[in-house]
Amino acid sequence: VREKTGNGDKKFEAKLAKRVPAQAGLGGGSGNAAAAMHGANELLGRPATQEQLVEWSGDLGSDITFFLSHGTAYCTGRGEIMTPVKAPFDFSEGGTKLTIVKPDVGLSTPAVFGALDYDELSDADPEELLSAFLQGGVDGCGDDAYVNDLEPPAFKCLPELKALKDELVKVKGFTNVMMSGSGTSIFCIGEPADGEKFEEEFGKREGISVFHTCFVTR
């Protein structure tokens, strides 16, 4: 940001507090990079526009661009080509909930891509999947709309991750369950019908962390 805006001579010190788990498939590193870009621009007096930050972010990483969006976007290319879309979920109080289950063990993105079999990639049309989400919402579009080509290679690298997903699929109250990104987090749309039982089975289990959360925007 300093170089692009002609402020290479200006310096500042910043502390970045990481809150998103590493090797989780949740975009923690990319989100941190986007936060750093935004913060640097603010500290420099906003010499760059939001559009410029979005344009420059693609040079730093594939997923950073999304984290400069307003929260919901359709990304193509390496992830750097972003089209804002209407959020397919309810932001109001008591709206769409989700639970994230993160095993302590992580997976490196290169390892997952290294195990990817390109002959097994989904042939679903991404724009048709997008349309399904926009029309039915994240909790009403059906399982067929949830596609993650990185699940099979991740499960090949870490078979116990598939076992965990199979357990979560059986939990009443979750409409859809899928691994996030390249793993190892698994997100579950909805909330457990029996919260106490869920905490006993998963919340207190050694080796995994459970986060009950909801969708937000900015």
# chains A, B, ... in the order shown; residues from 1 in each chain; ligands from 1

$ select_by_dssp --residues "range 3-128 of chain A" --states "strand (DSSP E or B)" --output "list in words"
Ala73, Tyr74, Cys75, Thr76, Ile81, Met82, Thr83, Pro84, Lys97, Leu98, Thr99, Ile100, Val101, Lys102 and Pro103 of chain A

$ write_last_selection --atoms "N, CA, C and O atoms" --output "CSV table (one decimal), in the first residue's frame"
chain,number,residue,atom,x,y,z
A,73,ALA,N,-19.6,-12.7,-1.7
A,73,ALA,CA,-19.2,-12.4,-3.1
A,73,ALA,C,-19.0,-13.8,-3.8
A,73,ALA,O,-18.8,-14.8,-3.2
A,74,TYR,N,-19.1,-13.7,-5.1
A,74,TYR,CA,-18.8,-14.8,-6.0
A,74,TYR,C,-17.4,-14.6,-6.6
A,74,TYR,O,-17.2,-13.6,-7.3
A,75,CYS,N,-16.5,-15.5,-6.3
A,75,CYS,CA,-15.1,-15.3,-6.7
A,75,CYS,C,-14.7,-16.4,-7.7
A,75,CYS,O,-15.0,-17.5,-7.5
A,76,THR,N,-14.0,-15.9,-8.8
A,76,THR,CA,-13.6,-16.8,-9.8
A,76,THR,C,-12.1,-16.6,-10.0
A,76,THR,O,-11.4,-15.9,-9.3
A,81,ILE,N,-10.9,-12.6,-8.7
A,81,ILE,CA,-11.9,-11.9,-9.5
A,81,ILE,C,-13.2,-12.0,-8.7
A,81,ILE,O,-13.8,-13.0,-8.6
A,82,MET,N,-13.7,-10.8,-8.2
A,82,MET,CA,-14.8,-10.8,-7.2
A,82,MET,C,-16.0,-10.1,-7.8
A,82,MET,O,-15.9,-9.0,-8.3
A,83,THR,N,-17.1,-10.7,-7.6
A,83,THR,CA,-18.4,-10.1,-7.9
A,83,THR,C,-19.3,-10.1,-6.7
A,83,THR,O,-19.7,-11.2,-6.2
A,84,PRO,N,-19.6,-8.9,-6.1
A,84,PRO,CA,-20.5,-8.9,-5.0
A,84,PRO,C,-21.9,-9.5,-5.3
A,84,PRO,O,-22.4,-9.3,-6.4
A,97,LYS,N,-28.0,-19.7,11.6
A,97,LYS,CA,-26.9,-20.0,12.5
A,97,LYS,C,-26.0,-21.1,11.8
A,97,LYS,O,-26.4,-21.7,10.8
A,98,LEU,N,-24.8,-21.2,12.3
A,98,LEU,CA,-23.9,-22.2,11.9
A,98,LEU,C,-22.9,-22.6,13.0
A,98,LEU,O,-22.7,-21.8,13.9
A,99,THR,N,-22.5,-23.8,12.9
A,99,THR,CA,-21.5,-24.3,13.9
A,99,THR,C,-20.3,-24.8,13.1
A,99,THR,O,-20.3,-25.4,12.1
A,100,ILE,N,-19.1,-24.3,13.6
A,100,ILE,CA,-17.8,-24.7,13.0
A,100,ILE,C,-17.1,-25.7,14.0
A,100,ILE,O,-17.0,-25.4,15.2
A,101,VAL,N,-16.7,-26.8,13.5
A,101,VAL,CA,-16.0,-27.8,14.3
A,101,VAL,C,-14.6,-27.9,13.7
A,101,VAL,O,-14.4,-28.3,12.5
A,102,LYS,N,-13.6,-27.6,14.5
A,102,LYS,CA,-12.2,-27.6,14.0
A,102,LYS,C,-11.4,-28.6,14.8
A,102,LYS,O,-11.1,-28.4,16.0
A,103,PRO,N,-10.9,-29.7,14.1
A,103,PRO,CA,-9.9,-30.6,14.8
A,103,PRO,C,-8.6,-29.8,15.1
A,103,PRO,O,-8.2,-28.9,14.3

$ residues_around --residues "Ala163 in chain A" --least-positions-apart "4" --cutoff "12 Å" --atoms "only C-alpha atoms" --output "MDAnalysis selection string"
chainID A and resid 103 154:156 158:159 167:170 179 186

$ write_last_selection --atoms "N, CA and C atoms" --output "PDB file, in the first residue's frame"
ATOM      1  N   PRO A 103     -10.881 -29.667  14.123  1.00  0.00           N
ATOM      2  CA  PRO A 103      -9.928 -30.574  14.773  1.00  0.00           C
ATOM      3  C   PRO A 103      -8.629 -29.833  15.064  1.00  0.00           C
ATOM      4  N   ALA A 154      -8.526 -34.136   0.933  1.00  0.00           N
ATOM      5  CA  ALA A 154      -8.295 -33.869   2.357  1.00  0.00           C
ATOM      6  C   ALA A 154      -8.615 -35.111   3.178  1.00  0.00           C
ATOM      7  N   PHE A 155      -9.697 -35.794   2.814  1.00  0.00           N
ATOM      8  CA  PHE A 155     -10.071 -37.020   3.527  1.00  0.00           C
ATOM      9  C   PHE A 155      -9.055 -38.129   3.269  1.00  0.00           C
ATOM     10  N   LYS A 156      -8.427 -38.089   2.094  1.00  0.00           N
ATOM     11  CA  LYS A 156      -7.397 -39.064   1.781  1.00  0.00           C
ATOM     12  C   LYS A 156      -6.164 -38.809   2.665  1.00  0.00           C
ATOM     13  N   LEU A 158      -6.274 -37.248   5.565  1.00  0.00           N
ATOM     14  CA  LEU A 158      -6.640 -37.348   6.977  1.00  0.00           C
ATOM     15  C   LEU A 158      -7.987 -38.075   7.096  1.00  0.00           C
ATOM     16  N   PRO A 159      -7.977 -39.414   7.058  1.00  0.00           N
ATOM     17  CA  PRO A 159      -9.221 -40.195   7.089  1.00  0.00           C
ATOM     18  C   PRO A 159     -10.127 -39.889   8.278  1.00  0.00           C
ATOM     19  N   GLU A 167     -20.072 -38.128  11.269  1.00  0.00           N
ATOM     20  CA  GLU A 167     -20.766 -37.994  12.558  1.00  0.00           C
ATOM     21  C   GLU A 167     -21.639 -36.747  12.574  1.00  0.00           C
ATOM     22  N   LEU A 168     -21.102 -35.642  12.073  1.00  0.00           N
ATOM     23  CA  LEU A 168     -21.819 -34.366  12.113  1.00  0.00           C
ATOM     24  C   LEU A 168     -23.028 -34.371  11.194  1.00  0.00           C
ATOM     25  N   VAL A 169     -22.943 -35.099  10.086  1.00  0.00           N
ATOM     26  CA  VAL A 169     -24.071 -35.199   9.161  1.00  0.00           C
ATOM     27  C   VAL A 169     -25.296 -35.790   9.855  1.00  0.00           C
ATOM     28  N   LYS A 170     -25.065 -36.626  10.833  1.00  0.00           N
ATOM     29  CA  LYS A 170     -26.156 -37.317  11.527  1.00  0.00           C
ATOM     30  C   LYS A 170     -26.801 -36.478  12.630  1.00  0.00           C
ATOM     31  N   MET A 179     -16.815 -29.657   4.636  1.00  0.00           N
ATOM     32  CA  MET A 179     -15.506 -29.148   5.007  1.00  0.00           C
ATOM     33  C   MET A 179     -15.319 -27.770   4.389  1.00  0.00           C
ATOM     34  N   ILE A 186     -14.878 -28.019   9.684  1.00  0.00           N
ATOM     35  CA  ILE A 186     -16.119 -28.480   9.076  1.00  0.00           C
ATOM     36  C   ILE A 186     -17.228 -27.544   9.536  1.00  0.00           C
TER      37      ILE A 186
END

$ closest_residue --among "A:Asp139, A:Thr184, A:Arg218, A:Ala193" --to "Thr96 in chain A" --atoms "only C-alpha atoms"
A:Asp139

$ residues_around --residues "Ile189 in chain A" --least-positions-apart "3" --cutoff "6 Å" --atoms "only C-alpha atoms" --output "list in words"
Leu98, Phe174, Thr175 and Asn176 of chain A

$ select_by_dssp --residues "range 139-203 of chain A" --states "alpha helix (DSSP H)" --output "list in words"
Glu151, Pro152, Pro153, Ala154, Phe155, Lys156, Cys157, Pro159, Glu160, Leu161, Lys162, Ala163, Leu164, Lys165, Asp166, Glu167, Leu168, Val169, Gly195, Glu196, Lys197 and Phe198 of chain A

$ closest_atom_pairs --of "range 139-204 of chain A" --to "range 26-48 of chain A" --cutoff "9 Å" --atoms "only C-alpha atoms" --output "Markdown table"
| residue | atom | partner | partner_atom | distance |
| --- | --- | --- | --- | --- |
| A:Ser180 | CA | A:Leu26 | CA | 6.4 |
| A:Gly181 | CA | A:Leu26 | CA | 6.6 |
| A:Ser182 | CA | A:Leu26 | CA | 8.5 |
| A:Gly183 | CA | A:Leu26 | CA | 7.8 |
| A:Thr184 | CA | A:Leu26 | CA | 8.8 |
| A:Ser185 | CA | A:Leu26 | CA | 7.3 |

$ closest_residue --among "A:Arg19, A:Ala24, A:Leu150, A:Lys86" --to "Leu116 in chain A" --atoms "only C-alpha atoms"
A:Leu150

$ residues_around --residues "Asp117 in chain A" --least-positions-apart "4" --cutoff "9 Å" --atoms "only C-alpha atoms" --output "list in words"
Phe113, Leu121, Pro152 and Pro153 of chain A

$ atom_distance --atom1 "CA of Phe133 in chain A" --atom2 "CA of Ala22 in chain A"
27.6 Å

$ atom_distance --atom1 "CA of Ile208 in chain A" --atom2 "CA of Glu151 in chain A"
18.3 Å
